[in-house]
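Text of the file input_31.tsv, holding TSV, C-alpha atoms:
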chain	number	residue	atom	x	y	z
G	105	MET	CA	0.00	0.00	0.00
G	106	ASN	CA	2.71	2.42	0.97
G	107	GLU	CA	4.32	1.78	-2.39
G	108	VAL	CA	1.11	2.91	-4.07
G	109	VAL	CA	0.21	5.83	-1.79
G	110	ASP	CA	3.22	7.08	0.16
G	111	LEU	CA	1.71	9.02	3.04
G	112	LYS	CA	5.03	10.43	4.18
G	113	GLN	CA	5.68	11.67	0.67
G	114	ILE	CA	2.21	13.27	0.54
G	115	GLU	CA	2.75	14.98	3.88
G	116	ARG	CA	6.15	16.23	2.75
G	117	ARG	CA	4.74	17.55	-0.54
G	118	ILE	CA	1.82	19.26	1.23
G	119	TYR	CA	4.11	20.94	3.72
G	120	LEU	CA	6.57	22.06	1.07
G	121	SER	CA	3.78	23.45	-1.10
G	122	TYR	CA	2.82	25.67	1.81
G	123	HIS	CA	6.34	27.12	1.93
G	124	GLN	CA	7.08	27.36	-1.78
G	125	ASP	CA	5.91	30.98	-1.73
G	126	GLY	CA	9.34	32.08	-0.46
G	127	LEU	CA	7.81	34.28	2.25
G	128	ILE	CA	9.79	32.62	5.04
G	129	ASP	CA	13.01	33.31	3.10
G	130	ILE	CA	12.04	36.94	2.49
G	131	PHE	CA	10.96	37.41	6.11
G	132	VAL	CA	14.10	35.96	7.70
G	133	GLY	CA	16.42	37.38	5.03
G	134	ALA	CA	15.04	40.91	5.26
G	135	ALA	CA	15.12	40.76	9.07
G	136	LEU	CA	18.76	39.59	9.09
G	137	PHE	CA	19.77	42.17	6.49
G	138	SER	CA	18.09	45.12	8.17
G	139	LEU	CA	19.30	44.11	11.64
G	140	SER	CA	22.85	43.85	10.30
G	141	LEU	CA	22.54	47.27	8.68
G	142	ILE	CA	21.23	48.85	11.87
G	143	ILE	CA	24.01	47.33	13.97
G	144	TRP	CA	26.59	48.45	11.43
G	145	LEU	CA	25.40	51.93	10.47
G	146	LEU	CA	23.02	53.13	13.16
G	147	PRO	CA	23.90	51.43	16.44
G	148	GLU	CA	22.49	54.37	18.39
G	149	TYR	CA	19.00	53.47	17.10
G	150	TRP	CA	19.14	50.08	18.85
G	151	TYR	CA	15.41	50.16	19.59
G	152	PHE	CA	14.80	49.77	15.85
G	153	LEU	CA	16.10	46.24	16.28
G	154	ILE	CA	13.17	45.21	18.48
G	155	GLY	CA	10.70	47.24	16.39
G	156	SER	CA	11.84	45.69	13.13
G	157	LEU	CA	11.65	42.19	14.57
G	158	ALA	CA	8.03	42.77	15.63
G	159	ALA	CA	7.18	44.43	12.30
G	160	PHE	CA	8.58	41.53	10.29
G	161	THR	CA	6.68	38.95	12.34
G	162	ILE	CA	3.39	40.79	11.91
G	163	SER	CA	3.94	41.41	8.20
G	164	PHE	CA	4.88	37.74	7.63
G	165	ALA	CA	1.57	36.54	9.08
G	166	GLY	CA	-0.33	39.18	7.09
G	167	LEU	CA	1.41	38.32	3.81
G	168	LYS	CA	0.77	34.62	4.33
G	169	LYS	CA	-2.95	35.39	4.62
G	170	ALA	CA	-2.96	37.84	1.71
G	171	ILE	CA	-0.78	35.94	-0.76
G	172	THR	CA	-0.56	32.25	0.05
G	173	ILE	CA	-4.00	31.24	1.31
G	174	PRO	CA	-6.01	32.79	-1.58
G	175	ARG	CA	-3.76	30.92	-4.02
G	176	ILE	CA	-3.27	27.46	-2.59
G	177	GLY	CA	-6.04	27.33	-0.03
G	178	TYR	CA	-6.38	27.05	3.71
G	179	VAL	CA	-4.98	24.11	5.62
G	180	GLU	CA	-4.60	23.13	9.23
G	181	PHE	CA	-1.76	20.71	9.81
G	182	SER	CA	-1.73	17.82	12.23
G	183	PRO	CA	-0.51	18.55	15.79
G	184	THR	CA	2.82	16.82	15.03
G	185	ARG	CA	3.44	19.03	12.02
G	186	GLN	CA	2.33	22.11	13.97
G	187	ARG	CA	4.95	21.30	16.61
G	188	LYS	CA	7.60	21.15	13.89
G	189	THR	CA	6.45	24.54	12.56
G	190	ILE	CA	6.76	25.99	16.05
G	191	PHE	CA	10.30	24.57	16.17
G	192	ILE	CA	11.14	26.38	12.92
G	193	PHE	CA	9.89	29.70	14.25
G	194	LEU	CA	11.67	29.17	17.54
G	195	GLY	CA	14.88	28.48	15.63
G	196	PHE	CA	14.61	31.67	13.62
G	197	THR	CA	13.55	33.63	16.68
G	198	VAL	CA	16.67	32.40	18.51
G	199	ILE	CA	18.89	33.54	15.61
G	200	LEU	CA	17.25	36.97	15.42
G	201	VAL	CA	17.02	37.50	19.18
G	202	VAL	CA	20.69	36.58	19.67
G	203	PHE	CA	21.55	39.06	16.95
G	204	ASN	CA	19.40	41.68	18.73
G	205	ILE	CA	20.92	41.03	22.11
G	206	LEU	CA	24.45	41.28	20.76
G	207	GLY	CA	23.59	44.58	19.10
G	208	ILE	CA	22.06	45.97	22.28
G	209	ILE	CA	24.98	44.77	24.42
G	210	ALA	CA	27.41	46.40	22.04
G	211	MET	CA	25.44	49.63	22.33
G	212	PHE	CA	25.07	49.77	26.12
G	213	TYR	CA	28.27	48.16	27.26
G	214	PRO	CA	30.98	49.10	24.79
G	215	PRO	CA	33.79	47.05	26.38
G	216	LEU	CA	31.74	43.87	26.07
G	217	GLY	CA	30.62	44.99	22.62
G	218	ILE	CA	34.22	45.49	21.56
G	219	PHE	CA	35.15	42.11	23.01
G	220	LEU	CA	32.26	40.42	21.20
G	221	PHE	CA	32.61	42.09	17.85
G	222	GLU	CA	36.34	42.45	17.71
G	223	SER	CA	37.09	38.92	18.81
G	224	VAL	CA	37.64	36.97	15.62
G	225	PHE	CA	36.13	33.83	17.10
G	226	THR	CA	32.79	35.38	18.11
G	227	ILE	CA	31.70	35.68	14.50
G	228	LEU	CA	32.89	32.16	13.77
G	229	ILE	CA	30.93	30.79	16.75
G	230	ILE	CA	27.83	32.67	15.61
G	231	GLY	CA	28.37	31.26	12.11
G	232	VAL	CA	28.68	27.68	13.37
G	233	ILE	CA	25.68	27.86	15.73
G	234	GLY	CA	23.53	29.80	13.24
G	235	GLY	CA	24.53	27.44	10.44
G	236	LEU	CA	23.60	24.40	12.54
G	237	ILE	CA	20.23	25.94	13.41
G	238	PHE	CA	19.54	26.46	9.70
G	239	VAL	CA	20.52	22.86	8.94
G	240	ALA	CA	18.30	21.56	11.79
G	241	ILE	CA	15.38	23.62	10.51
G	242	GLY	CA	15.96	22.33	6.96
G	243	TYR	CA	16.06	18.74	8.19
G	244	SER	CA	12.91	18.93	10.30
G	245	SER	CA	10.89	21.00	7.84
G	246	TYR	CA	11.94	19.22	4.61
G	247	ILE	CA	12.85	22.67	3.22
G	248	ARG	CA	16.24	21.64	1.93
G	249	ARG	CA	17.31	25.10	0.74
G	250	PHE	CA	17.92	25.95	4.41
G	251	TYR	CA	20.92	23.63	4.24
G	252	SER	CA	22.43	26.02	1.69
G	253	TYR	CA	21.63	29.00	3.92
G	254	GLY	CA	23.42	27.30	6.81
G	255	ILE	CA	26.48	26.69	4.64
G	256	ILE	CA	26.43	30.30	3.37
G	257	LEU	CA	26.21	31.64	6.94
G	258	PHE	CA	29.09	29.46	8.08
G	259	SER	CA	31.21	30.28	4.99
G	260	SER	CA	30.69	34.03	5.31
G	261	ALA	CA	31.46	33.84	9.07
G	262	LEU	CA	34.65	31.94	8.29
G	263	PHE	CA	35.57	34.51	5.64
G	264	THR	CA	34.95	37.34	8.13
G	265	THR	CA	37.12	35.56	10.69
G	266	LEU	CA	39.98	35.13	8.24
G	267	PHE	CA	39.62	38.52	6.57
G	268	PRO	CA	37.99	40.86	9.10
G	269	VAL	CA	36.36	43.42	6.84
G	270	PHE	CA	33.36	44.25	8.98
G	271	VAL	CA	31.63	42.06	11.53
G	272	VAL	CA	28.10	42.17	10.15
G	273	LEU	CA	29.14	40.73	6.79
G	274	PRO	CA	27.61	37.24	7.43
G	275	GLY	CA	24.23	38.78	8.31
G	276	LEU	CA	24.31	41.06	5.27
G	277	VAL	CA	25.37	38.31	2.86
G	278	LEU	CA	22.88	35.70	4.07
G	279	GLY	CA	20.11	38.29	4.47
G	280	PHE	CA	20.58	39.50	0.90
G	281	ILE	CA	20.74	35.99	-0.59
G	282	MET	CA	17.66	34.80	1.34
G	283	THR	CA	15.63	37.88	0.40
G	284	PHE	CA	16.66	37.65	-3.24
G	285	TYR	CA	15.97	33.93	-3.56
G	286	GLY	CA	12.72	34.27	-1.61
G	287	SER	CA	11.60	37.01	-4.01
G	288	LEU	CA	12.29	34.71	-6.97
G	289	LEU	CA	10.28	31.95	-5.30
G	290	LEU	CA	7.45	34.37	-4.59
G	291	TYR	CA	7.38	35.55	-8.22
G	292	ARG	CA	7.25	31.95	-9.45
G	293	PHE	CA	4.57	31.08	-6.89
G	294	VAL	CA	2.31	33.99	-7.88
G	295	LYS	CA	2.69	33.10	-11.59
G	296	ARG	CA	2.03	29.43	-10.96
G	297	TYR	CA	-0.94	29.84	-8.67
G	298	PRO	CA	-3.23	32.66	-9.71
G	299	LYS	CA	-5.88	33.72	-7.23
G	300	GLU	CA	-8.87	31.47	-7.50
G	301	MET	CA	-12.37	31.84	-6.19
G	302	HIS	CA	-13.14	29.24	-3.57
G	303	GLY	CA	-15.51	26.84	-5.34
G	304	GLU	CA	-17.55	26.25	-2.29
G	305	ARG	CA	-20.51	23.98	-2.76
G	306	GLU	CA	-23.78	24.19	-0.99
G	307	VAL	CA	-23.87	22.13	2.16
G	308	ASP	CA	-27.22	20.73	3.26
Q	114	MET	CA	-8.55	-27.62	-7.46
Q	115	THR	CA	-12.29	-27.03	-7.51
Q	116	GLU	CA	-14.04	-23.95	-8.81
Q	117	GLU	CA	-15.30	-23.26	-5.31
Q	118	SER	CA	-11.84	-23.18	-3.84
Q	119	ASP	CA	-10.71	-20.81	-6.64
Q	120	ASP	CA	-13.39	-18.36	-5.55
Q	121	THR	CA	-12.05	-18.37	-2.04
Q	122	LYS	CA	-8.52	-17.57	-3.17
Q	123	PHE	CA	-8.88	-13.78	-2.70
Q	124	PRO	CA	-11.79	-13.34	-0.31
Q	125	ILE	CA	-10.11	-10.17	0.89
Q	126	ILE	CA	-10.88	-8.40	-2.40
Q	127	ASP	CA	-14.58	-8.49	-1.61
Q	128	ASP	CA	-13.90	-6.76	1.69
Q	129	ILE	CA	-12.06	-3.83	0.13
Q	130	ASP	CA	-13.97	-0.63	0.56
Q	131	ARG	CA	-15.02	0.47	-2.93
Q	132	VAL	CA	-15.73	4.01	-1.76
Q	133	ILE	CA	-12.08	4.48	-0.79
Q	134	HIS	CA	-10.65	2.29	-3.55
Q	135	GLU	CA	-11.59	4.71	-6.35
Q	136	PRO	CA	-8.31	6.54	-7.24
Q	137	ALA	CA	-9.55	10.11	-6.84
Q	138	ARG	CA	-11.20	9.35	-3.51
Q	139	LEU	CA	-8.13	7.43	-2.37
Q	140	ILE	CA	-5.99	10.49	-3.07
Q	141	ILE	CA	-8.45	12.75	-1.20
Q	142	MET	CA	-8.54	10.37	1.76
Q	143	SER	CA	-4.73	10.09	1.79
Q	144	HIS	CA	-4.38	13.87	1.92
Q	145	LEU	CA	-6.97	14.24	4.67
Q	146	TYR	CA	-5.31	11.42	6.62
Q	147	VAL	CA	-2.03	13.35	6.96
Q	148	LEU	CA	-3.71	16.73	7.51
Q	149	ASP	CA	-5.96	17.98	10.23
Q	150	ARG	CA	-8.35	19.76	7.85
Q	151	ALA	CA	-8.25	21.71	4.59
Q	152	ASP	CA	-10.55	23.76	2.40
Q	153	PHE	CA	-11.72	22.88	-1.13
Q	154	LEU	CA	-9.12	25.04	-2.84
Q	155	PHE	CA	-6.25	23.39	-0.99
Q	156	LEU	CA	-7.53	19.91	-1.83
Q	157	LYS	CA	-8.09	20.95	-5.44
Q	158	ARG	CA	-4.50	22.21	-5.74
Q	159	GLN	CA	-3.05	19.11	-4.13
Q	160	THR	CA	-5.15	16.48	-5.88
Q	161	LYS	CA	-5.31	18.34	-9.23
Q	162	LEU	CA	-9.00	17.43	-9.57
Q	163	THR	CA	-11.52	19.81	-11.10
Q	164	TRP	CA	-14.00	21.61	-8.87
Q	165	GLY	CA	-16.81	19.36	-10.12
Q	166	ASN	CA	-14.92	16.13	-9.60
Q	167	LEU	CA	-13.66	17.15	-6.21
Q	168	SER	CA	-17.09	18.22	-5.07
Q	169	SER	CA	-18.76	15.01	-6.24
Q	170	HIS	CA	-16.13	12.78	-4.62
Q	171	ILE	CA	-16.31	14.73	-1.37
Q	172	THR	CA	-20.09	14.27	-1.41
Q	173	LYS	CA	-19.68	10.51	-1.85
Q	174	LEU	CA	-17.17	10.35	0.99
Q	175	GLU	CA	-19.43	12.48	3.15
Q	176	ASN	CA	-22.43	10.25	2.41
Q	177	ALA	CA	-20.34	7.24	3.41
Q	178	GLY	CA	-19.58	9.00	6.70
Q	179	PHE	CA	-15.85	9.15	5.95
Q	180	VAL	CA	-15.41	12.92	5.86
Q	181	GLU	CA	-17.04	15.82	7.61
Q	182	VAL	CA	-17.72	19.15	5.94
Q	183	ILE	CA	-17.65	21.99	8.42
Q	184	LYS	CA	-18.17	25.73	8.14
Q	185	LYS	CA	-15.82	27.92	10.07
Q	186	PHE	CA	-14.87	31.58	10.31
Q	187	VAL	CA	-11.20	32.37	9.76
Q	188	ASP	CA	-10.36	36.07	10.11
Q	189	ARG	CA	-14.08	36.85	9.94
Q	190	LYS	CA	-14.42	35.10	6.59
Q	191	PRO	CA	-16.50	31.96	6.24
Q	192	ILE	CA	-14.66	28.97	4.84
Q	193	THR	CA	-15.71	25.41	4.24
Q	194	LEU	CA	-13.32	22.85	5.62
Q	195	ILE	CA	-13.13	19.12	5.04
Q	196	GLN	CA	-11.76	16.75	7.61
Q	197	LEU	CA	-11.58	13.02	8.01
Q	198	ALA	CA	-14.30	11.66	10.28
Q	199	PRO	CA	-13.25	9.10	12.93
Q	200	GLN	CA	-15.08	6.46	10.89
Q	201	GLY	CA	-13.15	7.54	7.79
Q	202	ARG	CA	-9.83	7.30	9.60
Q	203	THR	CA	-10.63	3.77	10.74
Q	204	ALA	CA	-11.86	2.81	7.26
Q	205	PHE	CA	-8.69	4.20	5.67
Q	206	GLU	CA	-6.47	2.28	8.09
Q	207	ASP	CA	-8.49	-0.91	7.40
Q	208	TYR	CA	-8.11	-0.28	3.67
Q	209	GLN	CA	-4.34	0.13	4.05
Q	210	ARG	CA	-4.13	-3.09	6.02
Q	211	GLN	CA	-6.24	-5.02	3.54
Q	212	MET	CA	-4.30	-3.79	0.52
Q	213	ARG	CA	-0.97	-4.53	2.18
Q	214	HIS	CA	-2.22	-7.99	3.06
Q	215	MET	CA	-3.52	-8.57	-0.44
Q	216	PHE	CA	-0.27	-7.48	-2.11
Q	217	LYS	CA	1.67	-9.68	0.27
Q	218	ARG	CA	-0.48	-12.66	-0.68
Q	219	ILE	CA	0.03	-11.92	-4.37
Q	220	GLU	CA	3.80	-11.66	-3.84
Q	221	ASP	CA	3.80	-14.92	-1.87
Q	222	LYS	CA	2.06	-16.71	-4.75
Show me the file's structure as structure tokens.
Amino acid sequence: MNEVVDLKQIERRIYLSYHQDGLIDIFVGAALFSLSLIIWLLPEYWYFLIGSLAAFTISFAGLKKAITIPRIGYVEFSPTRQRKTIFIFLGFTVILVVFNILGIIAMFYPPLGIFLFESVFTILIIGVIGGLIFVAIGYSSYIRRFYSYGIILFSSALFTTLFPVFVVLPGLVLGFIMTFYGSLLLYRFVKRYPKEMHGEREVD
Amino acid sequence: MTEESDDTKFPIIDDIDRVIHEPARLIIMSHLYVLDRADFLFLKRQTKLTWGNLSSHITKLENAGFVEVIKKFVDRKPITLIQLAPQGRTAFEDYQRQMRHMFKRIEDK
């Protein structure tokens, strides 16, 4: 039976179809990119970090409702799958919150900030941990492109460690790539799935 | 071997649920089995059935008591959701078991 109808494969395809819109990539990428920019260029406006994190979360939920659901429909996943989705968001939240905290620490306690951002190994550690979180998210969510993001984050952190240009380079590089690729996915998604009226039938 | 014993070779085939066995309905049931619930558009996209086909198969499954059609408000908009009824879940699991058993018997022969 499982050879004929592979339930795991169906579940995987369903879940992936819900994330083929690229919104998660755009959301996380844009958040990483803007946070990196703020830390780099405008550290005195640290409160933008928290504001932008909240704004991105709200806009992600709104865009999902405005773009994805009218095109591929509404679905409620099983409790197991919902737990995995929560894990994904927790993973990204950890990455973004750590980034926030480091930025705020650097702002309020310059010696610690200097230690954190001028120590060559801090960026490498962030790259390794962040990269592993991306890989774990990719593994549990079936969204394999997160593997690539993990490798990019680690590679750019390694590059920054070896050639210290400026510390926020990994965030800028990964943020830009994720936003760009997510935008391509979104374009393809919108072309592939035009908005469709719900063909609701009469129910007795 | 007698004709009578030939008839009893695959008694399990007679037990297979014909409502689920139809390919389109099998696909719908498989999707609903791994989901909690979904609306018509989502099922249409996933199964690649037309609105008419999907609607008629859902009606047959609903009449058999395998799926439940429920109305719900999501963000103040009414949507129609389809979910597997407990009876449908049991029937689908029985169907899986029977098919697996049948294929095993065919392989053994």
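Between CA of Pro214 in chain G and CA of Leu194 in chain G the separation is 28.7 Å.
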Would you pick out the contacts of Pro174 in chain G at 12 Å or less, using all atoms listed in the file, so that residues sharing its chain but fewer than 6 positions from it are not included, and give the list as a JSON list (two decimals) with C-alpha atoms, in the coordinates of the input?
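Saved result, around31.json, follows:
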[["chain", "number", "residue", "atom", "x", "y", "z"],
["G", 122, "TYR", "CA", 2.82, 25.67, 1.81],
["G", 167, "LEU", "CA", 1.41, 38.32, 3.81],
["G", 168, "LYS", "CA", 0.77, 34.62, 4.33],
["G", 293, "PHE", "CA", 4.57, 31.08, -6.89],
["G", 294, "VAL", "CA", 2.31, 33.99, -7.88],
["G", 297, "TYR", "CA", -0.94, 29.84, -8.67],
["G", 298, "PRO", "CA", -3.23, 32.66, -9.71],
["G", 299, "LYS", "CA", -5.88, 33.72, -7.23],
["G", 300, "GLU", "CA", -8.87, 31.47, -7.50],
["G", 301, "MET", "CA", -12.37, 31.84, -6.19],
["G", 302, "HIS", "CA", -13.14, 29.24, -3.57],
["G", 303, "GLY", "CA", -15.51, 26.84, -5.34],
["Q", 152, "ASP", "CA", -10.55, 23.76, 2.40],
["Q", 153, "PHE", "CA", -11.72, 22.88, -1.13],
["Q", 154, "LEU", "CA", -9.12, 25.04, -2.84],
["Q", 155, "PHE", "CA", -6.25, 23.39, -0.99],
["Q", 158, "ARG", "CA", -4.50, 22.21, -5.74],
["Q", 190, "LYS", "CA", -14.42, 35.10, 6.59],
["Q", 192, "ILE", "CA", -14.66, 28.97, 4.84]]
At most 7 Å to chain G: residues in chain Q, all atoms listed in the file, as a VMD selection string: chain Q and resid 143 to 144 147 to 155 158 164 193 209 212 to 213
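The spacing separating CA of Thr160 in chain Q from CA of Phe250 in chain G amounts to 27.0 Å.
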Long-range neighbours of range 276-280 of chain G as an mmCIF file with C-alpha atoms, in the frame of the given file, 12 Å cut-off, only C-alpha atoms, 6 positions minimum in chain:
data_model
loop_
_atom_site.group_PDB
_atom_site.id
_atom_site.type_symbol
_atom_site.label_atom_id
_atom_site.label_comp_id
_atom_site.auth_asym_id
_atom_site.auth_seq_id
_atom_site.Cartn_x
_atom_site.Cartn_y
_atom_site.Cartn_z
ATOM 1 C CA ILE G 128 9.790 32.620 5.040
ATOM 2 C CA ASP G 129 13.010 33.310 3.100
ATOM 3 C CA ILE G 130 12.040 36.940 2.490
ATOM 4 C CA PHE G 131 10.960 37.410 6.110
ATOM 5 C CA VAL G 132 14.100 35.960 7.700
ATOM 6 C CA GLY G 133 16.420 37.380 5.030
ATOM 7 C CA ALA G 134 15.040 40.910 5.260
ATOM 8 C CA ALA G 135 15.120 40.760 9.070
ATOM 9 C CA LEU G 136 18.760 39.590 9.090
ATOM 10 C CA PHE G 137 19.770 42.170 6.490
ATOM 11 C CA SER G 138 18.090 45.120 8.170
ATOM 12 C CA LEU G 139 19.300 44.110 11.640
ATOM 13 C CA SER G 140 22.850 43.850 10.300
ATOM 14 C CA LEU G 141 22.540 47.270 8.680
ATOM 15 C CA ILE G 142 21.230 48.850 11.870
ATOM 16 C CA ILE G 143 24.010 47.330 13.970
ATOM 17 C CA TRP G 144 26.590 48.450 11.430
ATOM 18 C CA LEU G 200 17.250 36.970 15.420
ATOM 19 C CA GLY G 231 28.370 31.260 12.110
ATOM 20 C CA GLY G 234 23.530 29.800 13.240
ATOM 21 C CA GLY G 235 24.530 27.440 10.440
ATOM 22 C CA PHE G 238 19.540 26.460 9.700
ATOM 23 C CA PHE G 250 17.920 25.950 4.410
ATOM 24 C CA SER G 252 22.430 26.020 1.690
ATOM 25 C CA TYR G 253 21.630 29.000 3.920
ATOM 26 C CA GLY G 254 23.420 27.300 6.810
ATOM 27 C CA ILE G 255 26.480 26.690 4.640
ATOM 28 C CA ILE G 256 26.430 30.300 3.370
ATOM 29 C CA LEU G 257 26.210 31.640 6.940
ATOM 30 C CA PHE G 258 29.090 29.460 8.080
ATOM 31 C CA SER G 259 31.210 30.280 4.990
ATOM 32 C CA SER G 260 30.690 34.030 5.310
ATOM 33 C CA ALA G 261 31.460 33.840 9.070
ATOM 34 C CA PHE G 263 35.570 34.510 5.640
ATOM 35 C CA THR G 264 34.950 37.340 8.130
ATOM 36 C CA PHE G 270 33.360 44.250 8.980
ATOM 37 C CA GLY G 286 12.720 34.270 -1.610
ATOM 38 C CA SER G 287 11.600 37.010 -4.010
#
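CA of Leu167 in chain Q is positioned 12.6 Å from CA of Glu135 in chain Q.
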Which residues, written as a short mmCIF file (atom, residue, chain, number, x, y, z; two decimals) with C-alpha atoms, in the coordinates of the input, have at least one atom at most 12 Å from Phe205 in chain Q, with all atoms listed in the file counted and residues fewer than 3 positions away on the same chain left out?
data_model
loop_
_atom_site.label_atom_id
_atom_site.label_comp_id
_atom_site.auth_asym_id
_atom_site.auth_seq_id
_atom_site.Cartn_x
_atom_site.Cartn_y
_atom_site.Cartn_z
CA MET G 105 0.00 0.00 0.00
CA VAL G 109 0.21 5.83 -1.79
CA LEU G 111 1.71 9.02 3.04
CA ILE Q 129 -12.06 -3.83 0.13
CA ASP Q 130 -13.97 -0.63 0.56
CA ARG Q 131 -15.02 0.47 -2.93
CA VAL Q 132 -15.73 4.01 -1.76
CA ILE Q 133 -12.08 4.48 -0.79
CA HIS Q 134 -10.65 2.29 -3.55
CA ARG Q 138 -11.20 9.35 -3.51
CA LEU Q 139 -8.13 7.43 -2.37
CA ILE Q 140 -5.99 10.49 -3.07
CA ILE Q 141 -8.45 12.75 -1.20
CA MET Q 142 -8.54 10.37 1.76
CA SER Q 143 -4.73 10.09 1.79
CA HIS Q 144 -4.38 13.87 1.92
CA LEU Q 145 -6.97 14.24 4.67
CA TYR Q 146 -5.31 11.42 6.62
CA VAL Q 147 -2.03 13.35 6.96
CA LEU Q 174 -17.17 10.35 0.99
CA GLY Q 178 -19.58 9.00 6.70
CA PHE Q 179 -15.85 9.15 5.95
CA VAL Q 180 -15.41 12.92 5.86
CA LEU Q 197 -11.58 13.02 8.01
CA ALA Q 198 -14.30 11.66 10.28
CA PRO Q 199 -13.25 9.10 12.93
CA GLN Q 200 -15.08 6.46 10.89
CA GLY Q 201 -13.15 7.54 7.79
CA ARG Q 202 -9.83 7.30 9.60
CA TYR Q 208 -8.11 -0.28 3.67
CA GLN Q 209 -4.34 0.13 4.05
CA ARG Q 210 -4.13 -3.09 6.02
CA GLN Q 211 -6.24 -5.02 3.54
CA MET Q 212 -4.30 -3.79 0.52
#
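Proximity to Ser156 in chain G was assessed for G:Leu288, G:Ile192, G:Val201, G:Val272 counting all atoms listed in the file; the smallest distance is recorded for G:Val201.
Comparing G:Phe196, G:Gly155, G:Leu127, G:Leu228 by their smallest distance to Leu273 in chain G, the closest is G:Leu228 (using all atoms listed in the file).
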